[in-house]
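Inspection log for the structure reproduced underneath, given as structure tokens.
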Amino acid sequence: MPSRPATLALRCIVALALVGCADAPPPPLEPTVRVADAAVPVAPPTVPAVPEVFLDLVEAADRAHVRRGGPLLAPDAPGWARVSQLADRGPWLPPKTVGDDQLSWLEGIGGTLFFAVGDEGPSLRSVEIALRPIARGQVVSIFVDEEPVTTTRLDTGTNLQRLALPTEGLTPGEHSLRFWFRFTRYQGRKRVPAAIGTVRFLPSGDAPPLPDGPWVGPLKVAGVEGPALMAGAPAGWSYYLLPPVGGRLFARAAVQAGGPVDFVVRVGADGEPTREAGRLTVQPGTAAEIDVDLAPWQGRPIRLDLDTEGEAGSLGRAGWIEPTILMPGRPRGEVPPVRNVVLWVVDGLRSDRVGLGRGGDRAATPNIDLLAAEGAAAIEVWSGGASAADGHLRLLQPHPDGPPLAEVMAQGGRRTGLLASTSALTEALGETFQTRVDLRASGEPPQTRILLREMDAWLDVRKKHPFFLYVASDDPRVPLEPVEGYKRLYQRARPETMDDPASERAQRRELRIAYDAQLSAADYWVGQMVALLHRHGVAEDTAIVVAGTVGQELRENGGLGDGHALVPEVFQVPLVVWHPGLRNHGTPRPLTRGGDLGDVAQTVAVLAGAQPPDAWGHLDLVPALFHGLPPPPMPSHARLGNQVAARFGGWLLRGAGNRELKLWNLRADPGARTEIGAERPIALRTLRDSMLDRP
């Protein structure tokens with residue numbers, strides 16, 4: 001009788017021992033996942049004494065949109081990148097000082113600013129724009145929401161244009177301000193037509209004075225001091241965000257001198273009126289605390305307004321000291337550091353097709369399912385793009401300014417190795433490992449069975465030392481192994497309909513059958529990998545992590561039908577973590593939803609007892625995976641040419657350029673079939689802004 005530690009390996013072998021050849025019968029379509037008898041109790045989590053900071057609003061001041069009567073857009077004001085760029089690109093060049101003005105030059109013949117308006121929109125009557133042409137004789141046409149407002153000739157120097165808005169003002173939501181010029185001239189190596197300065201949307205009456213003080217800075221009142229959002233630069237700060245579970249806004253409102261100032265917190269969400277969530281009148285020379293519960297909006301994109309009301313002189317000496325979004329401290333159990341980690345990544349592994357204990361029409365993946373049942377798993381992990389190369393980059397280089405994962409894992413003498421049969425890994429990423437075997441580069445057939453042979457040899461030499469092994473295969477992204485036996489079984493389980501075999505529906509069915517067959521073959525090799533670890537006697541000292549690098553589109557998403565490559569099936573992959581010291585001994589843990597492949601790298605480092613670099617800026621998923629604690633919402637985005645996509649919580653934003661952004665709620669609409677951007681402007685702006693918040 002085998003010993004208990006060998007149970008997992010033997011079950012993985014037995015589950016698919018008969019399918020090594022093409023015609024052998026594959027495993028049952030609905031495998032019953034059993035949990036190993038042996039289990040190591042998990043240490044009870046300890047609860048931090050204080051809440052955690054989810055977002056420091058002073059540090060994040062550049063994320064804010066500021067208002068003075070109406071929206072204020074300026075190259076030297078917070079929020080400029082939010083209105084002038086999409087993700088990391090835009091036609092507006094970095095701000096420069098020209099004379100006494102801070103300006104942003106436009107590259108190309110035209111450009112657009114996309115900005116958000118709140119409840120103040122209907123009161124706005126005009127827009128004031130500072131423009132500086134590249135040369136005499138320049139002419140500009142200006143459009144608001146694609147409606148022409150004026151065409152005018154610009155004088156040399158900085159021109160101040162004040163233009164009337166529609167009589168009904170602007171509706172709350174997203175708007176655009178577009179400029180189109182007559183000609184461009186070279187400035188250095190760039191062809192530019194003009195530069196833009198401050199843009200102000202104004203209500204009726206006299207325009208309020210422009211800010212003459214800093215946007216943020218230190219503030220001290222009555223013994224209370226700290227970095228602050230100043231009330232005297234704007235009259236209001238707006239942040240678009242997704243509150244965490246149990247989130248709260250905490251700040252200290254302070255007034256140095258003058259008269260009393262009202263500090264007002266308002267929260268707006270799509271589909272409901274803006275709500276005043278808190279109001280506090282603060283007398284001069286005093287400071288008071290503001291604590292606003294954001295729990296009613298958790299999981300929903302919101303516009304958080306921090307407004308101040310009072311005399312101009314008093315506002316100039318007032319501010320929000322250390323405003324932060326807090327969340328409950330996440331309990332964390334002690335994670336027994338493992339000696340070794342194997343990270344097996346599979347190109348083409350889709351989140352929705354792997355079993356992981358779920359029923360329904362899914363591929364048979366008993367080995368991956370068993371690892372998840374004894375360990376933990378996540379679905380809908382963000383892959384980072386439409387290619388496997390994007391996923392590998394996100395795993396191995398979580399931040400361009402931080403060290404690579406292999407270098408972090410090498411700390412303390414751990415051996416690092418790369419075994420790959422995929423063409424998606426760049427040479428630069430491979431060079432971060434101490435040893436590398438690339439089957440394609442070596443002339444070997446790029447087959448997963450050969451990867452296992454190389455892994456056997458690698459372990460035979462290096463298993464006496466702690467190690468980190470990164471194994472990369474490309475099935476089912478690039479079908480290579482014989483899987484005819486699997487295909488026949490899936491064809492019998494999903495019989496032909498009366499459809500014409502040449503119909504689109506029949507073709508989609510055959511694509512899915514071929515994909516699921518290849519996925520089951522990939523699952524077989526995961527089982528063989530586990531068996532190999534046991535044969536070398538290192539399984540009980542090794543954490544096993546299985547993840548996809550990118551999904552696979554099977555042309556089943558008829559709701560989109562726009563040729564966009566960044567679809568949920570492609571950029572949502574699964575994650576499975578098996579830890580010998582955190583083995584489950586009862587009901588399988590609930591699946592975690594969300595996360596990012598950069599978070600996988602962070603988690604792998606934590607499992608090994610290594611210190612993840614601060615520069616990575618990603619999450620450790622252990623509390624979510626093993627303790628069922630929802631991870632705080634973190635944004636992810638991707639780019640493919642001019643196509644962009646962003647996911648934040650359960651929301652997805654995609655588009656081909658600024659003017660074609662579309663929004664879906666994946667929690668309510670997993671297939672992204674019903675576009676809701678027009679009715680969810682706050683969610684759209686929140687997702688748009690999030691593309692600048694994470695690499």
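Chain identifiers are assigned as A, B, and so on, following the order in which chains appear in the structure tokens; residues are numbered from 1 within each chain, and ligands are numbered from 1 in order of appearance.
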List every residue of range 152-343 of chain A that DSSP, applied to the backbone of this structure, places in strand (DSSP E or B), and write the result as number ranges by chain. A: 152-153, 159-164, 173-181, 185-187, 190-192, 194-203, 216-221, 224-230, 236-241, 248-255, 261-269, 275-282, 286-293, 302-309, 318-327, 332, 340-343
Contacts of range 371-374 of chain A at 9 Å (only C-alpha atoms; same-chain gap of 2+ positions) as a PyMOL selection string: chain A and resi 8+33-36+39+356-357+366-369+376-378+544+546+575-579+582-589+591
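Using only C-alpha atoms, the nearest neighbour of Gly551 in chain A within the list A:Gln518, A:Ser351, A:Ser421, A:Gln491 is A:Ser351.
The gap separating CA of Met634 in chain A from CA of Asp669 in chain A is 20.0 Å, in Å to one decimal.
CA of Ala522 in chain A is positioned 13.5 Å from CA of Pro446 in chain A.
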Just the residues within 10 Å of Trp458 in chain A, please, counting only C-alpha atoms, with nothing from its chain fewer than 5 positions along; format it as an MDAnalysis selection string. chainID A and resid 417:419 435 437 452:453 463 469
Got a sec: who's within 8 Å of Arg415 in chain A, counting only C-alpha atoms, leaving out chain neighbours fewer than 6 positions off, as a list in words?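 Non-adjacent residues within range: Gln434, Arg462, His465, Pro466, Phe467 and Phe468 of chain A.
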For the residues in the current selection, export C-alpha atoms as an mmCIF file, in the first residue's frame.
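As written to disk, selection-v1.cif reads:
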data_model
loop_
_atom_site.group_PDB
_atom_site.id
_atom_site.type_symbol
_atom_site.label_atom_id
_atom_site.label_comp_id
_atom_site.auth_asym_id
_atom_site.auth_seq_id
_atom_site.Cartn_x
_atom_site.Cartn_y
_atom_site.Cartn_z
ATOM 1 C CA GLN A 434 20.538 30.219 -14.107
ATOM 2 C CA ARG A 462 19.664 19.861 -8.759
ATOM 3 C CA HIS A 465 19.393 22.239 -3.421
ATOM 4 C CA PRO A 466 16.281 24.445 -3.003
ATOM 5 C CA PHE A 467 14.981 25.286 -6.448
ATOM 6 C CA PHE A 468 12.517 27.292 -8.515
#
Filtered DSSP result for range 308-452 of chain A, state alpha helix (DSSP H), as a ChimeraX atom specification: /A:312-315,366-374,388-396,405-409,427-430,439-442,448-452
Mind writing the picked residues with N, CA and C atoms as a short mmCIF file (atom, residue, chain, number, x, y, z; two decimals), in the first residue's frame?
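Output below, filename out23.cif:
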data_model
loop_
_atom_site.label_atom_id
_atom_site.label_comp_id
_atom_site.auth_asym_id
_atom_site.auth_seq_id
_atom_site.Cartn_x
_atom_site.Cartn_y
_atom_site.Cartn_z
N ALA A 312 -13.59 82.59 -0.12
CA ALA A 312 -12.35 82.28 -0.83
C ALA A 312 -11.14 82.39 0.09
N GLY A 313 -11.11 83.40 0.94
CA GLY A 313 -9.96 83.56 1.84
C GLY A 313 -9.83 82.42 2.82
N SER A 314 -10.95 81.90 3.28
CA SER A 314 -10.91 80.77 4.21
C SER A 314 -10.51 79.49 3.50
N LEU A 315 -11.02 79.30 2.29
CA LEU A 315 -10.67 78.09 1.54
C LEU A 315 -9.17 78.02 1.26
N PRO A 366 -8.95 16.29 -14.51
CA PRO A 366 -8.95 15.73 -13.16
C PRO A 366 -7.71 16.03 -12.36
N ASN A 367 -6.55 16.13 -13.00
CA ASN A 367 -5.33 16.39 -12.26
C ASN A 367 -5.27 17.83 -11.73
N ILE A 368 -5.62 18.77 -12.60
CA ILE A 368 -5.69 20.16 -12.15
C ILE A 368 -6.76 20.32 -11.09
N ASP A 369 -7.89 19.62 -11.28
CA ASP A 369 -8.97 19.68 -10.30
C ASP A 369 -8.51 19.17 -8.94
N LEU A 370 -7.74 18.08 -8.93
CA LEU A 370 -7.30 17.51 -7.67
C LEU A 370 -6.32 18.43 -6.95
N LEU A 371 -5.41 19.03 -7.71
CA LEU A 371 -4.50 20.01 -7.10
C LEU A 371 -5.29 21.16 -6.47
N ALA A 372 -6.34 21.61 -7.17
CA ALA A 372 -7.16 22.71 -6.64
C ALA A 372 -7.92 22.27 -5.40
N ALA A 373 -8.44 21.03 -5.40
CA ALA A 373 -9.22 20.55 -4.26
C ALA A 373 -8.37 20.42 -3.01
N GLU A 374 -7.13 20.01 -3.17
CA GLU A 374 -6.23 19.90 -2.02
C GLU A 374 -5.55 21.23 -1.70
N ALA A 388 0.52 34.94 -25.64
CA ALA A 388 1.20 34.24 -24.55
C ALA A 388 2.43 35.01 -24.09
N ALA A 389 3.07 35.72 -25.01
CA ALA A 389 4.25 36.51 -24.63
C ALA A 389 3.90 37.55 -23.57
N ASP A 390 2.71 38.15 -23.67
CA ASP A 390 2.28 39.12 -22.66
C ASP A 390 2.17 38.45 -21.29
N GLY A 391 1.62 37.23 -21.26
CA GLY A 391 1.46 36.53 -19.99
C GLY A 391 2.78 36.16 -19.36
N HIS A 392 3.71 35.63 -20.17
CA HIS A 392 5.03 35.28 -19.63
C HIS A 392 5.74 36.53 -19.08
N LEU A 393 5.62 37.63 -19.80
CA LEU A 393 6.25 38.86 -19.33
C LEU A 393 5.67 39.30 -18.00
N ARG A 394 4.35 39.20 -17.85
CA ARG A 394 3.71 39.62 -16.60
C ARG A 394 4.11 38.72 -15.44
N LEU A 395 4.31 37.44 -15.71
CA LEU A 395 4.73 36.50 -14.66
C LEU A 395 6.19 36.70 -14.27
N LEU A 396 7.04 36.87 -15.25
CA LEU A 396 8.48 36.86 -14.99
C LEU A 396 9.06 38.25 -14.77
N LEU A 405 11.27 37.81 -11.60
CA LEU A 405 10.90 36.79 -10.62
C LEU A 405 12.04 35.82 -10.37
N ALA A 406 12.72 35.39 -11.43
CA ALA A 406 13.80 34.41 -11.24
C ALA A 406 14.90 34.96 -10.34
N GLU A 407 15.19 36.24 -10.46
CA GLU A 407 16.22 36.85 -9.61
C GLU A 407 15.77 36.88 -8.15
N VAL A 408 14.51 37.21 -7.91
CA VAL A 408 13.99 37.22 -6.54
C VAL A 408 14.02 35.81 -5.95
N MET A 409 13.65 34.81 -6.75
CA MET A 409 13.62 33.44 -6.26
C MET A 409 15.02 32.87 -6.05
N GLU A 427 14.16 35.85 -25.39
CA GLU A 427 15.51 35.49 -24.95
C GLU A 427 15.89 36.26 -23.69
N ALA A 428 15.45 37.51 -23.59
CA ALA A 428 15.79 38.32 -22.41
C ALA A 428 15.19 37.73 -21.15
N LEU A 429 13.94 37.24 -21.21
CA LEU A 429 13.34 36.61 -20.04
C LEU A 429 14.06 35.32 -19.70
N GLY A 430 14.44 34.55 -20.70
CA GLY A 430 15.15 33.30 -20.45
C GLY A 430 16.48 33.51 -19.76
N LEU A 439 13.31 24.00 -26.04
CA LEU A 439 13.26 22.91 -27.01
C LEU A 439 13.32 23.43 -28.44
N ARG A 440 12.66 24.56 -28.70
CA ARG A 440 12.66 25.08 -30.06
C ARG A 440 14.06 25.55 -30.47
N ALA A 441 14.76 26.17 -29.53
CA ALA A 441 16.10 26.65 -29.85
C ALA A 441 17.10 25.50 -29.98
N SER A 442 16.86 24.42 -29.25
CA SER A 442 17.80 23.30 -29.27
C SER A 442 17.57 22.33 -30.42
N THR A 448 5.43 18.35 -25.06
CA THR A 448 5.41 18.38 -23.60
C THR A 448 6.05 17.14 -23.01
N ARG A 449 5.96 15.99 -23.70
CA ARG A 449 6.59 14.77 -23.17
C ARG A 449 8.11 14.96 -23.07
N ILE A 450 8.67 15.72 -23.99
CA ILE A 450 10.12 15.97 -23.94
C ILE A 450 10.45 16.94 -22.81
N LEU A 451 9.55 17.89 -22.55
CA LEU A 451 9.74 18.76 -21.38
C LEU A 451 9.85 17.95 -20.10
N LEU A 452 8.98 16.93 -19.96
CA LEU A 452 9.03 16.08 -18.77
C LEU A 452 10.34 15.31 -18.70
#
Residues within 9 Å of range 232-234 of chain A, please, as an mmCIF file with C-alpha atoms, in the first residue's frame. Count only C-alpha atoms; anything in the same chain fewer than 2 positions from it doesn't count.
data_model
loop_
_atom_site.group_PDB
_atom_site.id
_atom_site.type_symbol
_atom_site.label_atom_id
_atom_site.label_comp_id
_atom_site.auth_asym_id
_atom_site.auth_seq_id
_atom_site.Cartn_x
_atom_site.Cartn_y
_atom_site.Cartn_z
ATOM 1 C CA VAL A 66 -10.359 68.995 -9.864
ATOM 2 C CA ARG A 67 -13.149 71.559 -10.099
ATOM 3 C CA ARG A 68 -13.406 75.294 -9.643
ATOM 4 C CA GLY A 69 -16.973 76.087 -10.567
ATOM 5 C CA LEU A 72 -10.503 72.454 -14.572
ATOM 6 C CA LEU A 210 -7.481 80.621 -10.956
ATOM 7 C CA PRO A 211 -5.630 78.799 -8.172
ATOM 8 C CA ASP A 212 -2.442 80.509 -7.098
ATOM 9 C CA GLY A 213 -1.285 78.064 -4.454
ATOM 10 C CA PRO A 214 -0.088 74.463 -4.413
ATOM 11 C CA TRP A 215 -2.501 71.629 -5.065
ATOM 12 C CA VAL A 216 -1.118 69.553 -2.211
ATOM 13 C CA LEU A 229 -5.328 68.145 -0.382
ATOM 14 C CA MET A 230 -5.688 71.912 -0.385
ATOM 15 C CA GLY A 236 -13.561 70.229 -5.194
ATOM 16 C CA TRP A 237 -11.605 67.032 -5.728
ATOM 17 C CA ASP A 307 -15.935 69.533 -1.711
ATOM 18 C CA THR A 308 -15.335 72.640 0.346
ATOM 19 C CA ALA A 312 -12.355 82.275 -0.830
ATOM 20 C CA GLY A 313 -9.965 83.565 1.835
ATOM 21 C CA SER A 314 -10.913 80.773 4.210
ATOM 22 C CA LEU A 315 -10.669 78.087 1.541
ATOM 23 C CA GLY A 316 -7.129 79.218 0.791
ATOM 24 C CA ARG A 317 -6.182 78.253 4.359
ATOM 25 C CA ALA A 318 -8.060 74.967 4.583
ATOM 26 C CA GLY A 319 -7.508 71.411 3.476
#
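Remark: for Leu459 in chain A, the closest of the candidate residues A:Glu431, A:Asn340, A:Glu510, A:Asp88 is A:Asn340 (distances computed over only C-alpha atoms).
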Using CA of Val644 in chain A and CA of Arg680 in chain A as the two end points, give the distance in Å to one decimal.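 Computing the Euclidean distance for CA of Val644 in chain A and CA of Arg680 in chain A yields 18.6 Å.
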Asp460 in chain A: which residues within 10 Å, counting only C-alpha atoms, same-chain residues fewer than 5 positions away excluded, as a list of chain:residue names?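 Skipping anything fewer than 5 positions along the chain leaves A:Glu454, A:Met455, A:His536.
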Filtering to N, CA and C atoms, could you give me those residues as a short mmCIF file (atom, residue, chain, number, x, y, z; two decimals), in the first residue's frame?
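part39.cif written:
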data_model
loop_
_atom_site.label_atom_id
_atom_site.label_comp_id
_atom_site.auth_asym_id
_atom_site.auth_seq_id
_atom_site.Cartn_x
_atom_site.Cartn_y
_atom_site.Cartn_z
N GLU A 454 13.21 16.40 -19.85
CA GLU A 454 14.21 17.38 -19.42
C GLU A 454 14.05 17.73 -17.94
N MET A 455 12.80 17.77 -17.47
CA MET A 455 12.57 18.04 -16.06
C MET A 455 13.13 16.91 -15.19
N HIS A 536 11.17 11.72 -7.47
CA HIS A 536 12.45 12.29 -7.02
C HIS A 536 12.45 12.60 -5.53
#
Closest of A:Gly268, A:Pro670, A:Gly657, A:Pro51 to Arg688 in chain A - atom-to-atom distances counting only C-alpha atoms: A:Gly657
Surrounding residues of Asp305 in chain A excluding itself and chain neighbours under 2 positions, 12 Å, only C-alpha atoms, as number ranges by chain: A: 57, 64-67, 117-120, 234-241, 249, 263-269, 274-279, 302-303, 307-308
Write the residues you've just listed into a file as a CSV table (one decimal), in the first residue's frame, and include N, CA and C atoms for each of them.
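Output file again-v2.csv is given in full below:
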chain,number,residue,atom,x,y,z
A,57,LEU,N,-5.1,59.3,-0.7
A,57,LEU,CA,-5.6,60.3,-1.7
A,57,LEU,C,-4.7,61.4,-2.0
A,64,ALA,N,-6.8,62.5,-9.3
A,64,ALA,CA,-8.0,63.2,-9.1
A,64,ALA,C,-8.4,64.1,-10.3
A,65,HIS,N,-9.6,64.4,-10.3
A,65,HIS,CA,-10.1,65.5,-11.2
A,65,HIS,C,-10.5,66.6,-10.3
A,66,VAL,N,-10.1,67.8,-10.7
A,66,VAL,CA,-10.4,69.0,-9.9
A,66,VAL,C,-11.4,69.9,-10.5
A,67,ARG,N,-12.1,70.6,-9.7
A,67,ARG,CA,-13.1,71.6,-10.1
A,67,ARG,C,-13.0,72.9,-9.4
A,117,VAL,N,-18.0,65.0,-16.1
A,117,VAL,CA,-18.7,66.1,-15.5
A,117,VAL,C,-19.7,65.4,-14.5
A,118,GLY,N,-19.8,66.0,-13.3
A,118,GLY,CA,-20.7,65.6,-12.3
A,118,GLY,C,-22.0,66.3,-12.3
A,119,ASP,N,-22.6,66.5,-11.1
A,119,ASP,CA,-23.9,67.1,-11.0
A,119,ASP,C,-23.9,68.6,-11.4
A,120,GLU,N,-22.6,69.2,-11.4
A,120,GLU,CA,-22.5,70.6,-11.8
A,120,GLU,C,-22.7,70.8,-13.3
A,234,PRO,N,-8.3,73.9,-5.8
A,234,PRO,CA,-9.7,73.7,-6.3
A,234,PRO,C,-10.7,73.9,-5.3
A,235,ALA,N,-12.0,74.0,-5.6
A,235,ALA,CA,-13.1,73.9,-4.7
A,235,ALA,C,-13.5,72.5,-4.5
A,236,GLY,N,-13.1,71.6,-5.3
A,236,GLY,CA,-13.6,70.2,-5.2
A,236,GLY,C,-12.6,69.3,-5.9
A,237,TRP,N,-12.4,68.1,-5.2
A,237,TRP,CA,-11.6,67.0,-5.7
A,237,TRP,C,-12.5,65.9,-6.0
A,238,SER,N,-12.3,65.2,-7.2
A,238,SER,CA,-13.2,64.0,-7.5
A,238,SER,C,-12.2,62.9,-7.8
A,239,TYR,N,-12.5,61.7,-7.2
A,239,TYR,CA,-11.8,60.5,-7.5
A,239,TYR,C,-12.8,59.4,-8.0
A,240,TYR,N,-12.4,58.8,-9.1
A,240,TYR,CA,-13.2,57.6,-9.6
A,240,TYR,C,-12.5,56.4,-9.1
A,241,LEU,N,-13.3,55.6,-8.4
A,241,LEU,CA,-12.6,54.4,-7.8
A,241,LEU,C,-13.6,53.3,-7.5
A,249,LEU,N,-13.8,56.1,4.1
A,249,LEU,CA,-13.0,57.3,3.8
A,249,LEU,C,-12.7,58.0,5.2
A,263,PHE,N,-16.9,71.1,5.0
A,263,PHE,CA,-16.3,70.0,4.2
A,263,PHE,C,-17.4,69.0,3.9
A,264,VAL,N,-17.6,68.7,2.7
A,264,VAL,CA,-18.7,67.9,2.2
A,264,VAL,C,-18.2,66.7,1.4
A,265,VAL,N,-18.6,65.5,1.8
A,265,VAL,CA,-18.3,64.3,1.0
A,265,VAL,C,-19.6,63.8,0.3
A,266,ARG,N,-19.4,63.7,-1.0
A,266,ARG,CA,-20.5,63.2,-1.8
A,266,ARG,C,-20.1,62.0,-2.6
A,267,VAL,N,-21.0,61.1,-2.8
A,267,VAL,CA,-20.8,59.9,-3.5
A,267,VAL,C,-21.8,59.7,-4.6
A,268,GLY,N,-21.3,59.5,-5.9
A,268,GLY,CA,-22.2,59.3,-7.0
A,268,GLY,C,-21.9,57.9,-7.6
A,269,ALA,N,-23.0,57.2,-7.9
A,269,ALA,CA,-22.9,55.9,-8.6
A,269,ALA,C,-23.9,55.9,-9.7
A,274,THR,N,-26.6,61.5,-6.9
A,274,THR,CA,-25.5,61.7,-6.0
A,274,THR,C,-25.9,61.9,-4.6
A,275,ARG,N,-25.3,61.2,-3.6
A,275,ARG,CA,-25.7,61.2,-2.2
A,275,ARG,C,-24.7,62.0,-1.4
A,276,GLU,N,-25.2,62.9,-0.5
A,276,GLU,CA,-24.3,63.5,0.4
A,276,GLU,C,-24.0,62.6,1.6
A,277,ALA,N,-22.8,62.1,1.6
A,277,ALA,CA,-22.5,61.0,2.6
A,277,ALA,C,-21.9,61.6,3.9
A,278,GLY,N,-21.5,62.8,3.9
A,278,GLY,CA,-21.0,63.4,5.1
A,278,GLY,C,-20.8,64.9,4.9
A,279,ARG,N,-21.0,65.7,6.0
A,279,ARG,CA,-20.8,67.1,6.0
A,279,ARG,C,-20.4,67.6,7.4
A,302,ILE,N,-17.6,54.3,-8.3
A,302,ILE,CA,-18.2,55.5,-7.7
A,302,ILE,C,-17.3,56.7,-8.1
A,303,ARG,N,-18.0,57.9,-8.0
A,303,ARG,CA,-17.3,59.2,-8.1
A,303,ARG,C,-17.3,59.7,-6.6
A,307,ASP,N,-15.6,68.1,-1.4
A,307,ASP,CA,-15.9,69.5,-1.7
A,307,ASP,C,-15.8,70.4,-0.5
A,308,THR,N,-15.4,71.7,-0.7
A,308,THR,CA,-15.3,72.6,0.3
A,308,THR,C,-16.2,73.9,0.0
Identify which of the residues A:Thr171, A:Thr324, A:Thr542, A:Thr156 lies closest to Leu294 in chain A, counting only C-alpha atoms when measuring atom-to-atom distances.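 Once distances to Leu294 in chain A are computed over only C-alpha atoms, the minimum belongs to A:Thr324.
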